[in-house]
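This report refers to the structure that appears directly beneath it.
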Amino acid sequence: MKQEEIRIPEDHAASAEKIPRELPVLPLRDIVVFPYMVYPVLLGRESSLRAANYAVDRDKFIFLAAQRNANIEEPGKDDIYWEGTVAKIIQIMKLPNGLMKILVDGVVQATIAAFLPNERFLEAEVEINSTSYEVTPEVDVLIRHVSTLFTEYVRLNRNIPSEVLVAFEKIQNPRRKLFYIAANIAQSVDTKQQILTLALLKDQYYALARILTAELDVLKIEKDVDMKVHESIQKSQKRFLLQEQIRILQDELGSDEVLTPELAKLSQQIEEAHMPKDVLEKAVEELNKLKKTPPQSPEFAVSRNYIDWLVAIPWYKRTDDNLDVRHVEKILNEDHYGLEKVKQRILEHIAVLNLVKEIRGQILCFVGPPGVGKTSLGKSIARALGRKIVRISLGGVRDEAEIHGHRRTYIGSMPGKLIRSMRRASVINPVILMDEIDKMSMDFRGDPASALLEVLDPEQNQTFNDHYLDVDYDLSSVMFITTANVRYNIPLPLQDRMEIIEIPGYLEFDKCEIAKRHIIPKQLEEHGLKKDEVKFADKAINKVIQQYTREAGVRNLEREIASICRKVAKDIVLGTQTNGKKSRSNRIRITDTKVEEYLGVPHFRTRIPGVQRVGSVIGLAWTSVGGTILQVDATIMSGRETLTLTGQIGEVMQESARAALSYIRSHVKELGVPANFFQKKEIHIHLPEGAIHKDGPSAGITMAMAIISAATNRPARSDVAMTGEITLRGNVLAIGGLNEKLLAAQRTGIKMVIVPKDNEKDMAEIHPKVKEGVKIIFIDKIDDALPFIFDTKKKK
């Protein structure tokens, strides 16, 4: 409902005297009718039509009130504002669709005193507001101020025609001016209704001034935004025109010497990058293409981004290696305890570099359980050599484009991880640490492990070709270090290109030294504790290692020590606050008793050899987090002649159990087993901790001994553990992970370990401390193990 006509009627003071007090009420949506103004109103509700017809039939006077909520279809007395305008219907027009259009002339401001009972339409008794007013100096100033604000408002608002000001200047009556301005402001119903709520002219002008001031602030902001947008568009257009003129002039002159500042900077960067000849030709070709491409074209951004990558990656800059062998050895010893084999390999590499100054094939792969220091060792190597290091995480990578990059034809394409790493390093000879190389997988997007074959091949990586750059890049000066937890998860062609260095789990002695040298000082510093106020006893550290952690590395050990430090910090703070002293003079000594107080009940218990039981034998197993003992239980009962295996056993281990049973059945006399032990009997072999998957051939001899123990009814020694793969001829074959298995035996209190004779050569690499307290027996055949397991006199 828009204002259809604006006119200035006669003063309605005389008409107001003739207005009856009881009037029909017409609720209006989204409009506020002011006195002295003419409005068209479209009616559609039945109650509104009846109210309008009643007013026309009587004296044409009607009370117009705005609805509080325009969504209400049939408003009641609580749904409309009680302040409104008495108007006179001056024209009525019935439309074909059943609607009615009326033209109303606002007469006077009024307020509903009370509603009258009427079921057909709203009817109320109204009170006419006094039309008398006094123009004081304050009111006169207000009128002038509001008139100035309204003039500026019309000038800034594009939706109001200038004729409004022409009509406004002819108005002399202050009340008419007030309502004329209010009617022409683009504001909400609630805001305009504030003016009708007030009775005094001065208060109404103050309210109008506030509304106009707020509207002017919004209009000025909109104008500023429009100007900025317009200026930005003008600058872009101007720049485009100038660039086009420059390009046309260059074409006419046949010269490329005049460049825009942006392209001139790119040209300078290309010259300073010292690229190889073929790469330089490619960069100049792209720059020439860029000169002839409009900046608004999508190809401009693609070419610009490509050149940025060419100039950003290093082509000649390198760091000087620190080839002092003693310095490198010092750094490695500072950062890591133990790991002698790895350190010796690094020192050998540095020694060769001293002689030949450049060596290819420097690709190392550290394989070991989590937490043994593979990643930190790579960082130490970089620090010792004085090289920059960049770490690439390969865990979960399944897209070949992550290595070789995306081709430039794709939107959002970019180089692969190798080139991005070289850009971060900004030198051509960094140390690139590729973490979790055994965690890659493949899908329809390609095999990233196959893409790494080129990267990790010293004969090929000097011409590494990234799909995005599409030029050869030399990676031969890079020292690649990779890490993995499980060796057999690495593809064989990839293993062939790396020197694999096995990092075994730490001994308890090693863990104790690492805790004292590295973990405890680090945690004390991180928790705000001083070295001289907290002391860890060796027994306390050993208790944490033995009873609160069960791992090959030291991560959980660090977590438990951090937990102790947090509780110590809490005790110190509570003690300081309780005593009211700022100084911390008390020294805290962490003993084995304190450890249990801070960490609670031990998580693990040291296994003590228990009672010997028939059919129960102890084996040794290797896991990705180190070695562990493996309990194997066997029992023989009446039933069908079957072999049942439980405990989530894999295929290889099941085959080992069948091979063990076949050997025993075919050699019952030599083994002292009853010939009919399997007749109408069922053998059940179970490996506890059934939630954990178990597989591998090294438990063959353990399951064989469990069956023999159950068949002969002889208990096996509980302080003897064994490992070894068996054949149908009774031979015991070599196994892997011997160091971890011996470490697990020592940790759990095993006194004797039976291992295959073929593993005797591996003992030279076993640390002497692993062998302390453990007697190691080497056997060739299954029969050789019987005297050591069943408490018979051992034969030499």
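Residue numbering restarts at 1 for every chain of the structure tokens, chains are lettered A, B, ... in their displayed order, and ligands are numbered from 1 as they appear.
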Write out as JSON lines a residue-level contact list of region 392-459 of chain A versus region 284-307 of chain A with cut-off 12 Å: for each qualifying residue the closest pair of atoms and the distance in Å to one decimal, counting only C-alpha atoms, rows sorted by chain and residue number upward.
```
{"residue": "A:Arg407", "atom": "CA", "partner": "A:Tyr306", "partner_atom": "CA", "distance": 11.1}
{"residue": "A:Arg408", "atom": "CA", "partner": "A:Val302", "partner_atom": "CA", "distance": 7.8}
{"residue": "A:Thr409", "atom": "CA", "partner": "A:Val302", "partner_atom": "CA", "distance": 9.2}
{"residue": "A:Tyr410", "atom": "CA", "partner": "A:Val302", "partner_atom": "CA", "distance": 10.0}
{"residue": "A:Ile411", "atom": "CA", "partner": "A:Val302", "partner_atom": "CA", "distance": 8.9}
{"residue": "A:Gly412", "atom": "CA", "partner": "A:Val302", "partner_atom": "CA", "distance": 9.1}
{"residue": "A:Ser413", "atom": "CA", "partner": "A:Val302", "partner_atom": "CA", "distance": 9.3}
{"residue": "A:Met414", "atom": "CA", "partner": "A:Tyr306", "partner_atom": "CA", "distance": 8.8}
{"residue": "A:Pro415", "atom": "CA", "partner": "A:Tyr306", "partner_atom": "CA", "distance": 9.7}
```
**Request:** Would you list the contacts of Arg559 (chain A) as an MDAnalysis selection string, taking every protein, DNA or RNA residue within 10 Å and counting only C-alpha atoms, but skipping same-chain residues closer than 5 positions in sequence?
**Result:** chainID A and resid 519 523 549 554 564:565
**Spatial neighbours of Gly672 (chain A), 10 Å, only C-alpha atoms, chain gap at least 6 places, as a PyMOL selection string** = chain A and resi 664+708+711-712
Using the selection just defined, write its residues with C-alpha atoms as a short mmCIF file (atom, residue, chain, number, x, y, z; two decimals), in the first residue's frame.
```cif
data_model
loop_
_atom_site.label_atom_id
_atom_site.label_comp_id
_atom_site.auth_asym_id
_atom_site.auth_seq_id
_atom_site.Cartn_x
_atom_site.Cartn_y
_atom_site.Cartn_z
CA ILE A 664 54.12 -85.86 16.72
CA ILE A 708 53.44 -83.28 23.74
CA ALA A 711 49.65 -86.12 25.41
CA THR A 712 52.28 -87.37 27.87
#
```
For the contact check between region 181-297 of chain A and region 135-158 of chain A, emit one row per residue of region 181-297 of chain A within 9 Å, containing the shortest atom pair and the distance in Å rounded to one decimal, counting only C-alpha atoms, chain then rising number order, as a Markdown table.
```
| residue | atom | partner | partner_atom | distance |
| --- | --- | --- | --- | --- |
| A:Ile181 | CA | A:Phe150 | CA | 7.0 |
| A:Ile185 | CA | A:Tyr153 | CA | 8.7 |
| A:Leu201 | CA | A:Val139 | CA | 8.0 |
| A:Lys202 | CA | A:Val139 | CA | 5.8 |
| A:Tyr205 | CA | A:Leu142 | CA | 6.5 |
| A:Tyr206 | CA | A:Leu142 | CA | 7.3 |
| A:Leu208 | CA | A:Val146 | CA | 7.3 |
| A:Ala209 | CA | A:Val146 | CA | 5.6 |
| A:Leu212 | CA | A:Leu149 | CA | 6.4 |
| A:Thr213 | CA | A:Leu149 | CA | 7.2 |
| A:Glu215 | CA | A:Tyr153 | CA | 7.6 |
| A:Leu216 | CA | A:Tyr153 | CA | 6.1 |
| A:Leu219 | CA | A:Leu156 | CA | 6.6 |
| A:Lys220 | CA | A:Leu156 | CA | 7.7 |
| A:Lys223 | CA | A:Leu156 | CA | 8.0 |
```
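In this comparison, which uses only C-alpha atoms, the residue of A:Glu222, A:Asp438, A:Glu558, A:Asp758 approaching Ile490 (chain A) most closely is A:Asp438.
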Using only C-alpha atoms, I'd like a table of the residues in region 375-490 of chain A that come within 12 Å of region 616-638 of chain A; for each, show the closest atom pair and its distance in Å rounded to one decimal, ordered by chain and ascending number, as a Markdown table.
```
| residue | atom | partner | partner_atom | distance |
| --- | --- | --- | --- | --- |
| A:Ala484 | CA | A:Ser624 | CA | 10.3 |
| A:Asn485 | CA | A:Ser624 | CA | 6.6 |
| A:Val486 | CA | A:Ser624 | CA | 6.5 |
| A:Arg487 | CA | A:Ser624 | CA | 9.8 |
| A:Tyr488 | CA | A:Ser624 | CA | 11.1 |
| A:Asn489 | CA | A:Ser624 | CA | 11.4 |
```
**Request:** Can you pull out every residue within 12 Å of Leu347 (chain A), counting only C-alpha atoms, but drop anything in the same chain fewer than 6 positions away, and send it as a VMD selection string?
**Result:** chain A and resid 322 to 333 340 to 341 353 to 354 381 384 to 385
For the selection you just gave me, I'd like the residues written to a file as a short mmCIF file (atom, residue, chain, number, x, y, z; two decimals), in the first residue's frame, keeping all heavy atoms.
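Output file again38.cif is given in full below:
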```
data_model
loop_
_atom_site.label_atom_id
_atom_site.label_comp_id
_atom_site.auth_asym_id
_atom_site.auth_seq_id
_atom_site.Cartn_x
_atom_site.Cartn_y
_atom_site.Cartn_z
N ASN A 322 78.59 -29.41 7.48
CA ASN A 322 79.59 -29.51 8.53
C ASN A 322 80.10 -30.96 8.53
O ASN A 322 79.42 -31.87 9.00
CB ASN A 322 78.96 -29.16 9.88
CG ASN A 322 80.01 -29.07 10.99
OD1 ASN A 322 81.12 -29.60 10.87
ND2 ASN A 322 79.66 -28.40 12.08
N LEU A 323 81.28 -31.16 7.97
CA LEU A 323 81.81 -32.50 7.77
C LEU A 323 82.78 -32.94 8.86
O LEU A 323 83.54 -33.89 8.68
CB LEU A 323 82.49 -32.60 6.40
CG LEU A 323 81.60 -32.26 5.20
CD1 LEU A 323 82.38 -32.38 3.90
CD2 LEU A 323 80.37 -33.16 5.17
N ASP A 324 82.75 -32.24 10.01
CA ASP A 324 83.61 -32.63 11.12
C ASP A 324 82.99 -33.85 11.80
O ASP A 324 81.92 -33.77 12.42
CB ASP A 324 83.71 -31.47 12.11
CG ASP A 324 84.71 -31.75 13.22
OD1 ASP A 324 85.14 -32.91 13.36
OD2 ASP A 324 85.05 -30.81 13.98
N VAL A 325 83.65 -34.99 11.68
CA VAL A 325 83.10 -36.25 12.19
C VAL A 325 82.89 -36.17 13.70
O VAL A 325 81.88 -36.65 14.23
CB VAL A 325 84.02 -37.43 11.82
CG1 VAL A 325 83.49 -38.74 12.42
CG2 VAL A 325 84.13 -37.55 10.31
N ARG A 326 83.83 -35.57 14.41
CA ARG A 326 83.70 -35.48 15.88
C ARG A 326 82.52 -34.60 16.27
O ARG A 326 81.81 -34.89 17.24
CB ARG A 326 85.00 -34.93 16.48
CG ARG A 326 86.18 -35.91 16.38
CD ARG A 326 87.40 -35.38 17.10
NE ARG A 326 88.50 -36.33 17.06
CZ ARG A 326 89.35 -36.45 16.05
NH1 ARG A 326 89.23 -35.66 15.00
NH2 ARG A 326 90.33 -37.35 16.09
N HIS A 327 82.30 -33.52 15.52
CA HIS A 327 81.16 -32.65 15.81
C HIS A 327 79.85 -33.39 15.58
O HIS A 327 78.93 -33.32 16.41
CB HIS A 327 81.23 -31.41 14.91
CG HIS A 327 79.96 -30.61 14.91
ND1 HIS A 327 79.61 -29.79 15.97
CD2 HIS A 327 78.93 -30.51 14.00
CE1 HIS A 327 78.44 -29.23 15.70
NE2 HIS A 327 78.02 -29.64 14.51
N VAL A 328 79.77 -34.13 14.48
CA VAL A 328 78.54 -34.88 14.19
C VAL A 328 78.30 -35.93 15.27
O VAL A 328 77.17 -36.12 15.75
CB VAL A 328 78.64 -35.54 12.80
CG1 VAL A 328 77.43 -36.43 12.54
CG2 VAL A 328 78.76 -34.48 11.72
N GLU A 329 79.36 -36.62 15.68
CA GLU A 329 79.22 -37.63 16.73
C GLU A 329 78.76 -37.01 18.04
O GLU A 329 77.91 -37.57 18.76
CB GLU A 329 80.56 -38.35 16.93
CG GLU A 329 80.50 -39.50 17.91
CD GLU A 329 81.82 -40.24 18.03
OE1 GLU A 329 82.86 -39.67 17.59
OE2 GLU A 329 81.83 -41.37 18.54
N LYS A 330 79.26 -35.82 18.34
CA LYS A 330 78.86 -35.13 19.58
C LYS A 330 77.37 -34.78 19.55
O LYS A 330 76.65 -34.99 20.53
CB LYS A 330 79.70 -33.87 19.74
CG LYS A 330 79.35 -33.05 20.97
CD LYS A 330 80.16 -31.77 21.02
CE LYS A 330 79.72 -30.92 22.21
NZ LYS A 330 80.44 -29.61 22.24
N ILE A 331 76.91 -34.27 18.42
CA ILE A 331 75.49 -33.89 18.30
C ILE A 331 74.60 -35.12 18.44
O ILE A 331 73.59 -35.12 19.15
CB ILE A 331 75.23 -33.19 16.96
CG1 ILE A 331 75.96 -31.84 16.91
CG2 ILE A 331 73.73 -32.98 16.75
CD1 ILE A 331 75.48 -30.83 17.89
N LEU A 332 74.98 -36.20 17.76
CA LEU A 332 74.16 -37.42 17.82
C LEU A 332 74.11 -37.98 19.23
O LEU A 332 73.05 -38.45 19.69
CB LEU A 332 74.71 -38.47 16.85
CG LEU A 332 74.62 -38.13 15.36
CD1 LEU A 332 75.27 -39.22 14.53
CD2 LEU A 332 73.17 -37.95 14.93
N ASN A 333 75.21 -37.93 19.95
CA ASN A 333 75.23 -38.43 21.33
C ASN A 333 74.45 -37.52 22.27
O ASN A 333 73.88 -37.99 23.26
CB ASN A 333 76.67 -38.58 21.82
CG ASN A 333 77.39 -39.75 21.15
OD1 ASN A 333 76.75 -40.73 20.75
ND2 ASN A 333 78.70 -39.64 21.01
N GLU A 340 73.70 -47.25 18.50
CA GLU A 340 75.09 -47.19 18.04
C GLU A 340 75.21 -47.54 16.56
O GLU A 340 75.99 -46.93 15.82
CB GLU A 340 75.96 -48.14 18.88
CG GLU A 340 76.00 -47.80 20.36
CD GLU A 340 76.55 -46.40 20.62
OE1 GLU A 340 77.36 -45.93 19.80
OE2 GLU A 340 76.14 -45.78 21.61
N LYS A 341 74.44 -48.52 16.10
CA LYS A 341 74.54 -48.94 14.71
C LYS A 341 74.15 -47.81 13.77
O LYS A 341 74.81 -47.56 12.75
CB LYS A 341 73.64 -50.16 14.49
CG LYS A 341 73.73 -50.74 13.09
CD LYS A 341 72.84 -51.98 12.96
CE LYS A 341 72.92 -52.54 11.55
NZ LYS A 341 72.04 -53.74 11.40
N LEU A 353 82.01 -38.40 2.74
CA LEU A 353 81.83 -37.05 2.20
C LEU A 353 83.11 -36.22 2.33
O LEU A 353 83.41 -35.37 1.48
CB LEU A 353 80.69 -36.33 2.92
CG LEU A 353 79.26 -36.68 2.48
CD1 LEU A 353 78.25 -35.95 3.35
CD2 LEU A 353 79.04 -36.29 1.02
N ASN A 354 83.87 -36.44 3.40
CA ASN A 354 85.14 -35.72 3.55
C ASN A 354 86.12 -36.07 2.44
O ASN A 354 86.96 -35.24 2.06
CB ASN A 354 85.76 -36.06 4.91
CG ASN A 354 85.23 -35.18 6.03
OD1 ASN A 354 85.66 -34.05 6.18
ND2 ASN A 354 84.26 -35.69 6.78
N ILE A 381 70.33 -35.67 12.65
CA ILE A 381 71.27 -35.79 11.53
C ILE A 381 71.34 -34.46 10.77
O ILE A 381 72.42 -33.98 10.41
CB ILE A 381 70.85 -36.93 10.60
CG1 ILE A 381 71.02 -38.28 11.31
CG2 ILE A 381 71.65 -36.91 9.30
CD1 ILE A 381 70.43 -39.45 10.55
N ALA A 384 73.24 -31.99 12.87
CA ALA A 384 74.68 -32.28 12.91
C ALA A 384 75.36 -31.85 11.61
O ALA A 384 76.49 -31.34 11.63
CB ALA A 384 74.90 -33.76 13.16
N LEU A 385 74.68 -32.04 10.47
CA LEU A 385 75.28 -31.66 9.19
C LEU A 385 75.13 -30.17 8.89
O LEU A 385 75.76 -29.67 7.96
CB LEU A 385 74.60 -32.45 8.06
CG LEU A 385 74.89 -33.95 8.01
CD1 LEU A 385 74.06 -34.61 6.92
CD2 LEU A 385 76.36 -34.21 7.77
#
```
**Request:** Can you check which residues of region 117-309 of chain A DSSP gives as helix (DSSP H, G or I) on the backbone and send them as a ChimeraX atom specification?
**Result:** /A:137-156,163-169,174-183,189-197,201-253,261-272,277-291,298-309
**Request:** Can you pull out every residue within 6 Å of Asn461 (chain A), counting only C-alpha atoms, but drop anything in the same chain fewer than 5 positions away, and send it as a ChimeraX atom specification?
**Result:** /A:454-455,475-476
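Rounded to one decimal, CA of Ile649 (chain A) and CA of Ile777 (chain A) lie 27.1 Å from each other.
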**Message:** List the spatial neighbours of Gly76 (chain A) as a VMD selection string - criterion: any atom at most 10 Å away, only C-alpha atoms, same-chain residues fewer than 2 positions off excluded.
**Reply:** chain A and resid 27 67 72 to 74 78 to 80 121 to 122
